[in-house]
Every structure is written in C-alpha cells, then in structure tokens.
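Q: Can you keep this structure in mind? I'll have questions shortly.
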Amino acid sequence: MPAMSVQPVKHGNTVQACDLCRLKKRKCDLKDGVGKCSSCEKADAVCQITHVTKPRERRKKKQMESLQDRLQSLEDLIKTSLIAKASPPQPQMQPSPSTASPMAPSQPALTSPLASDSYSASQMSEYLGRSSSLEQNLQGYRSAHAFTPSGPKPSDEVYAQLTSEISHFFNTPGSVEAERVSGSLDAMDIDLRPRSRTLGVRKCSMPPPQGGLFLLQEYLVDFNTATPLFDAATISGLFLDCYNGRADGQMVSWVTVKIVLAIAHRLRAMSPLGVPQDTENVQIYLEEVIAELPSLILMEPSLLIAQLYLGTAIVLSTSARPQPTSTLVSMALRVLQDIRTNDPDGDHSVMPTDLQCRERVFWIAYSMDTDISLRTKRAPGLSSRLINLQLPIEDQPDGAGRLRAAEGDFTIDIFRLRAELALFQAQLLECVLAPALAEQTGLALQEMAANLRKWRGHYVFRLEPTELRAMLHRSDLVHVIILESIYFTTAYLTQFYNFSGHALRYNVLSADGLSASTALSDDVLPYDDARRFMQFLKLLTDEEILCNW
C-alpha cells in the first residue's frame, strides 16, 4: 500500500482528494484506513496524496483601511507624547453642597436645543449677574484689557473660571480633558474636532470645552478686534451657558456659539496652521446654523437676531456659495431698524452698553451692505441721508475696532475707517443710480472723487505695505488688506463713472465693464492705487499670511 502523506486537520470547507481525482476534478471518497478511493479502485490506478493543503489566507486589508489605521496610530502616538510632556495634574477637590459653585447647572450638559426663545444682550448680562464671581471677572476684562498690545483678549482669570466650570460639568470623571483644565490654551494639545449629538431631527455639534475656549480666544483676538460683532463678555457667558447646560432650550444661544466657532475655524483655515479639517468643521457648523434660520425668522426682532444674521452672512461670504450673503445682511439691517437703532431720538429704554453694541452692529451691517451693493450695482438697503447715528468714535475705551502694533504705540482705528468708506460708497451709488441730469451727476462725481482723495490722506495709507507688515500681527494685517481691496474697488468705480458716464446698462465689474475700461486713458485709471494694492497682494504669497476673504 502506498505511503500516505501527513495532512493537516481539515477545517471548515477544506476539501481533501487524491492526486488522480484532483487531476480529473472529480469527487473523491478516500477515507482514513482505506487503501483506495472507489474511482481509483475501478480504474486499478495508484491512489495517493502528495498535495499538501494550505490553510486559506485571511483577506488582506484594502489600501484605504491600512492608511486609516496608520493615521489613527500616529494620532494616538502624538496624543500620548503630548500627555507625557504635560505637567502632572493638580488634585481637584469635590465641592461640598455648602460651597458649590453658584453656576452649577440644573440641566444635563450639552443638551440639544429644543425650544425657541429670544435672548438679548441685556438679558444675558442680567442672567450672568446671578454668578458674582464670573461677572466680576468679565467686568474686569472690559476695563483691564482695553489697552493690551494685541487688542481685546479674554483675561486669564476669565478663562480659568470658564475652563474649570465647563470642564467640571461636561467631561466624564478621570478624562484627560478634565484633568487639564488649568493648562495653557495651546493649539498643539487641544482637540478642536466637533462632537455631534442627535435628539430627534436636531443635531448639535460642539468641540470639547478646551477646544471651544481656544476657538473663542482666536475669534476675539483675530476677528472681533477689528469687527466688534459681539461683546466679549456676553459671548463668553453664552459659551459657558451652552457647555454647562444652562442654555437648554434656548436655540439662539447655541446658534450664536456655532457662528463664533465657524468664524474661528475659517480664520484658522486662512492661517499657516490651517488644515482641511478646519474647512470641514466650518461646513458642519454652517449647516446646523442654516437649519435654524426658519426659526430665527419667526422670532421677535432683537439685537442678537441681527448679530446672528450678520454672523451667518460673514461665514457664507467666505464659502463656495456666497449668494445669500446680501439677503442676510439686508435682513440684519431691517431688524436693527425694527429695534429703533437708527431712530432720531434713539431708544432710551436700553442700557448704554447695549446701545453701543447696537451702533457697532449697525455699522458692520451697513458696511457689508454698501460694499455688496457697489459691486452688484444695486441700491443700498438704507440711504446715507437717512442715517442718524454718529460714526464710531476714535479710541474706543474698550479698544474695539482698533488694531495695535506688535510693539510700540502705533494704532489704526480700522472700524471707523471702514464706516467712513461705507458712507462714501452709499453716496456714490445714490449719485449713479439717481435719475438726475448728466451735468449735475458729473459735478457730483467730481466732488466725490475729491472727497475720496481726502479720505485717502489718512496717515495709515502713507505707510508702505512692508512697514505695515513689520508692525502688525498677521491677523491684523489681513484686515488692512481687506480695507485696501474695498478702497481700490471704490476708487476704480468712481473714476470709471466720472469719465465714462453713469448711465451704463452693465455692471462696471462685469466682463463688458472691464473691457470698456481699456478705452480710457492711462491718466484716468487709479494706477498708483493699483500698484499699492499689488504690493499688498505680494504679501499674501508669504507662507505666514494666507487670505481667502
């Protein structure tokens, strides 16, 4: 009897057959202890097994799965190394019932907003008044940080208070995030990714507390300094309410926080530290904000509603679909007029801080509206002759709207400059679109060109772009470049209408309008302004300055 080769134990669907049956691809009934199978017995052939059955290999991972595993392991390694470098956490004492924080929430943390309610800045200040310690820190921020070199910035005391309170209620016990509540807000060791929670048809995405506070800080320093859309103390209080559960059911509080987070991520996407995840996070917050717009429209007009419209418009203006921006800006202007912001006598029933915030929000909305109207050649939402508010004052006590040099006492009141330019843009549109005689319109355009040159005589515009680059922070320089862009558009259109006539059926910035500009003489177009603006654009190629605004 031929020798039988040693075979591995059969597992699962492993089939064993003799060599002849395997060659002829037929069923083999060879069993242990039997010399030949029935087929070899009939053919009087040699029945032996020389083939060794190999166990079936496991399915190899796809390339994408392998890359994801490698990225995940790399993230875990980085996070582990950062935790090892961090200082050992201080033991935290559990507060007793008698010494519990006055801000202890009665609602679970980060619950989804399920109801609609109006929430004004004055109500927010009154609500924060229940916590004396936090209110003192926020009030101290308003006064102590009015003249910091880098502009308005939350104080360390405010962040320590916010971080400790938020982390206590939001994080699970023993988590790394909760143990690092007193650490510095560094971009390298903070998780900025939003965590989504769904309740019914509503979705709420928020980053961890440390990440939310870090993004709030970037928003206040990089954006709110030049464009004071929100009061710093009020928006900090809203962040606290949303994280510790006190904003349960108040949808506008959540929408406000998400708008701030979206703007902060957009700023990060413009910076050298930006990653594709920042743009994805902006889209997450923007979609959730847009989903709540129908509820905002049905609410009673308030300052916060106008701020939400403007914040959404700012985020949309930097997206791939900026068309709805003008509609939201017009809605914000209408809401501000509904709450009597532009009334000749004013509204004496509001607090002075709310009145000041209303005026700032009005000038932001009006500046955006006139700029969009000038580019699209349509009438502005409000005539410049109907504005009863004074221009923003220079040297605001809280430093709002003022850019400061990195070193020295050099400042730029960029918010006032933008408001002055907005008034000029509105007057230019009214002159061009008015059904007046050509002679009168020509004289008015010449006078406007002279006024624009006078405005251009500000000391800021006498500095070279390289000098401004050396003096200002990167984020502050971006606001100056935006102002230069708006001015160049205004100067170009003023000169074009002045020498080509205002009764044009096409938009000057369209393809037909740009082609028509080639017929103008060289001494008509603002070549000097164009050269200066090109020098600013050269700065954008620097790896430290990115701008898609």
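Residues in the structure tokens are numbered from 1 in each chain, the chains being A, B, ... in the order shown, and ligands are numbered from 1 in the order shown.
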DSSP says helix (DSSP H, G or I) for which residues of stretch 210-402 of chain A? Put them as an MDAnalysis selection string?
A: chainID A and resid 210:222 232:244 251:270 276:291 293:297 303:317 325:338 352:376 384:386
Q: I want to know what sits within 12 Å of A:Arg22, based on only C-alpha atoms, with residues of the same chain fewer than 3 positions away left out; could you give that as a compact mmCIF listing (two decimals) with C-alpha atoms, in the first residue's frame?
A:
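Result file selection.txt:
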```txt
# COMPACT_ATOMS: atom_id res chain seq x y z
CA VAL A 15 -11.59 19.56 0.57
CA GLN A 16 -9.16 16.55 0.52
CA ALA A 17 -8.74 14.36 -2.56
CA CYS A 18 -6.18 12.01 -4.09
CA ASP A 19 -3.87 13.12 -6.87
CA LYS A 25 -11.54 17.24 -10.99
CA ARG A 26 -13.91 14.62 -9.69
CA LYS A 27 -15.28 13.80 -6.30
CA CYS A 28 -13.02 11.65 -4.16
CA ASP A 29 -14.35 9.43 -1.37
CA LEU A 30 -10.99 8.45 0.07
CA SER A 39 -12.67 5.75 -8.58
CA CYS A 40 -9.07 4.52 -8.35
CA CYS A 47 -4.28 6.21 -5.20
CA GLN A 48 -2.03 8.53 -3.28
CA ILE A 49 -1.98 12.05 -1.86
CA THR A 50 1.15 14.09 -2.40
CA HIS A 51 -0.51 17.53 -2.39
CA THR A 53 -3.41 21.56 1.55
```
Q: Quote the spacing between atom CA of A:Leu417 and atom CA of A:Ala470 in Å to one decimal place.
A: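 Distance between the two atoms: 21.1 Å.
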Q: Please list as a ChimeraX atom specification every residue within 10 Å of A:Leu310, counting only C-alpha atoms and excluding residues in the same chain fewer than 6 positions away.
A: /A:229,259,304,316,325-326,328-333,361-362,364-365,368
Q: Restricted to C-alpha atoms, what would the selected residues look like written as a CSV table (one decimal), in the first residue's frame?
A:
```
chain,number,residue,atom,x,y,z
A,229,LEU,CA,-19.8,91.9,16.2
A,259,ILE,CA,-21.4,81.0,14.4
A,304,LEU,CA,-28.9,89.1,19.0
A,316,LEU,CA,-21.4,82.4,3.9
A,325,THR,CA,-25.0,86.9,1.9
A,326,SER,CA,-26.7,90.1,0.6
A,328,LEU,CA,-29.0,88.1,5.3
A,329,VAL,CA,-27.2,91.5,5.5
A,330,SER,CA,-30.4,93.2,4.4
A,331,MET,CA,-32.4,91.2,7.0
A,332,ALA,CA,-30.0,92.3,9.7
A,333,LEU,CA,-30.4,96.0,8.7
A,361,VAL,CA,-23.5,96.1,14.7
A,362,PHE,CA,-25.4,98.7,12.6
A,364,ILE,CA,-20.9,96.4,10.4
A,365,ALA,CA,-24.2,95.6,8.6
A,368,MET,CA,-21.3,95.0,4.3
```
Q: Have a look at atom CA of A:Leu216 and atom CA of A:Cys242 and let me know their distance in Å, one decimal.
A: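 Distance reported for this atom pair: 13.1 Å.
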Q: Restricting the calculation to only C-alpha atoms, which member of A:Lys454, A:Arg416, A:Arg321, A:Arg358 is positioned closest to A:Gln337?
A: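 Going through A:Lys454, A:Arg416, A:Arg321, A:Arg358 one by one, the smallest distance to A:Gln337 is for A:Arg358.
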Q: Set the distance at 9 Å and use only C-alpha atoms: which residues neighbour A:Ser295 once local chain neighbours fewer than 3 positions away are removed? I'd like the list as a PyMOL selection string.
A: chain A and resi 116+251+291-292+298-299
Q: Go ahead and write the residues just picked, N, CA and C atoms, as a short mmCIF file (atom, residue, chain, number, x, y, z; two decimals), in the first residue's frame.
A:
```cif
data_model
loop_
_atom_site.label_atom_id
_atom_site.label_comp_id
_atom_site.auth_asym_id
_atom_site.auth_seq_id
_atom_site.Cartn_x
_atom_site.Cartn_y
_atom_site.Cartn_z
N SER A 116 -37.57 77.53 21.14
CA SER A 116 -37.16 78.80 20.57
C SER A 116 -37.48 79.91 21.54
N MET A 251 -32.46 78.18 21.73
CA MET A 251 -31.81 77.86 20.47
C MET A 251 -30.85 78.94 20.02
N ALA A 291 -29.96 75.40 9.28
CA ALA A 291 -31.15 74.62 9.62
C ALA A 291 -32.04 75.34 10.62
N GLU A 292 -31.49 76.27 11.40
CA GLU A 292 -32.28 77.00 12.39
C GLU A 292 -32.75 78.36 11.88
N LEU A 298 -38.95 83.70 12.54
CA LEU A 298 -40.22 83.83 13.24
C LEU A 298 -40.08 84.47 14.62
N MET A 299 -38.86 84.73 15.07
CA MET A 299 -38.66 85.30 16.39
C MET A 299 -38.89 86.81 16.38
#
```
Q: As a list in words, please: the residues near A:Pro392 (cut-off 9 Å, only C-alpha atoms, same-chain neighbours under 3 positions excluded).
A: Glu359, Arg360, Trp363, Leu389, Gln396, Gly401, Phe415, Arg416 and Ala419 of chain A
Q: Could you take the residues named above and write them with C-alpha atoms, as an mmCIF file, in the first residue's frame?
A:
```
data_model
loop_
_atom_site.group_PDB
_atom_site.id
_atom_site.type_symbol
_atom_site.label_atom_id
_atom_site.label_comp_id
_atom_site.auth_asym_id
_atom_site.auth_seq_id
_atom_site.Cartn_x
_atom_site.Cartn_y
_atom_site.Cartn_z
ATOM 1 C CA GLU A 359 -24.471 101.005 16.904
ATOM 2 C CA ARG A 360 -21.447 98.832 16.208
ATOM 3 C CA TRP A 363 -22.111 99.937 11.083
ATOM 4 C CA LEU A 389 -26.126 107.584 14.088
ATOM 5 C CA GLN A 396 -12.889 103.385 21.994
ATOM 6 C CA GLY A 401 -12.260 98.389 16.223
ATOM 7 C CA PHE A 415 -13.534 100.192 12.216
ATOM 8 C CA ARG A 416 -14.092 103.944 11.817
ATOM 9 C CA ALA A 419 -17.595 103.077 8.314
#
```
Q: So which residues touch A:Asn224 within 10 Å, counting only C-alpha atoms, skipping near sequence neighbours fewer than 3 positions away, as a PDB file with C-alpha atoms, in the first residue's frame?
A:
```pdb
ATOM      1  CA  GLY A 151      -6.295  94.164  21.294  1.00  0.00           C
ATOM      2  CA  PRO A 152      -9.270  92.845  23.264  1.00  0.00           C
ATOM      3  CA  LYS A 153      -8.488  89.453  24.712  1.00  0.00           C
ATOM      4  CA  GLN A 217      -9.994  83.223  22.090  1.00  0.00           C
ATOM      5  CA  GLU A 218      -8.908  83.140  18.433  1.00  0.00           C
ATOM      6  CA  TYR A 219     -12.208  84.700  17.362  1.00  0.00           C
ATOM      7  CA  LEU A 220     -11.967  87.550  19.871  1.00  0.00           C
ATOM      8  CA  VAL A 221      -8.342  88.361  19.044  1.00  0.00           C
ATOM      9  CA  THR A 227     -15.051  93.848  13.565  1.00  0.00           C
ATOM     10  CA  PRO A 228     -16.760  94.046  17.002  1.00  0.00           C
ATOM     11  CA  LEU A 229     -19.773  91.906  16.184  1.00  0.00           C
ATOM     12  CA  PHE A 230     -20.246  90.590  19.748  1.00  0.00           C
ATOM     13  CA  ASP A 231     -19.459  91.915  23.186  1.00  0.00           C
ATOM     14  CA  ALA A 232     -16.604  89.789  24.520  1.00  0.00           C
ATOM     15  CA  VAL A 260     -18.390  82.041  16.516  1.00  0.00           C
ATOM     16  CA  ALA A 400     -12.997  97.806  19.895  1.00  0.00           C
ATOM     17  CA  GLY A 401     -12.260  98.389  16.223  1.00  0.00           C
TER      18      GLY A 401
END
```
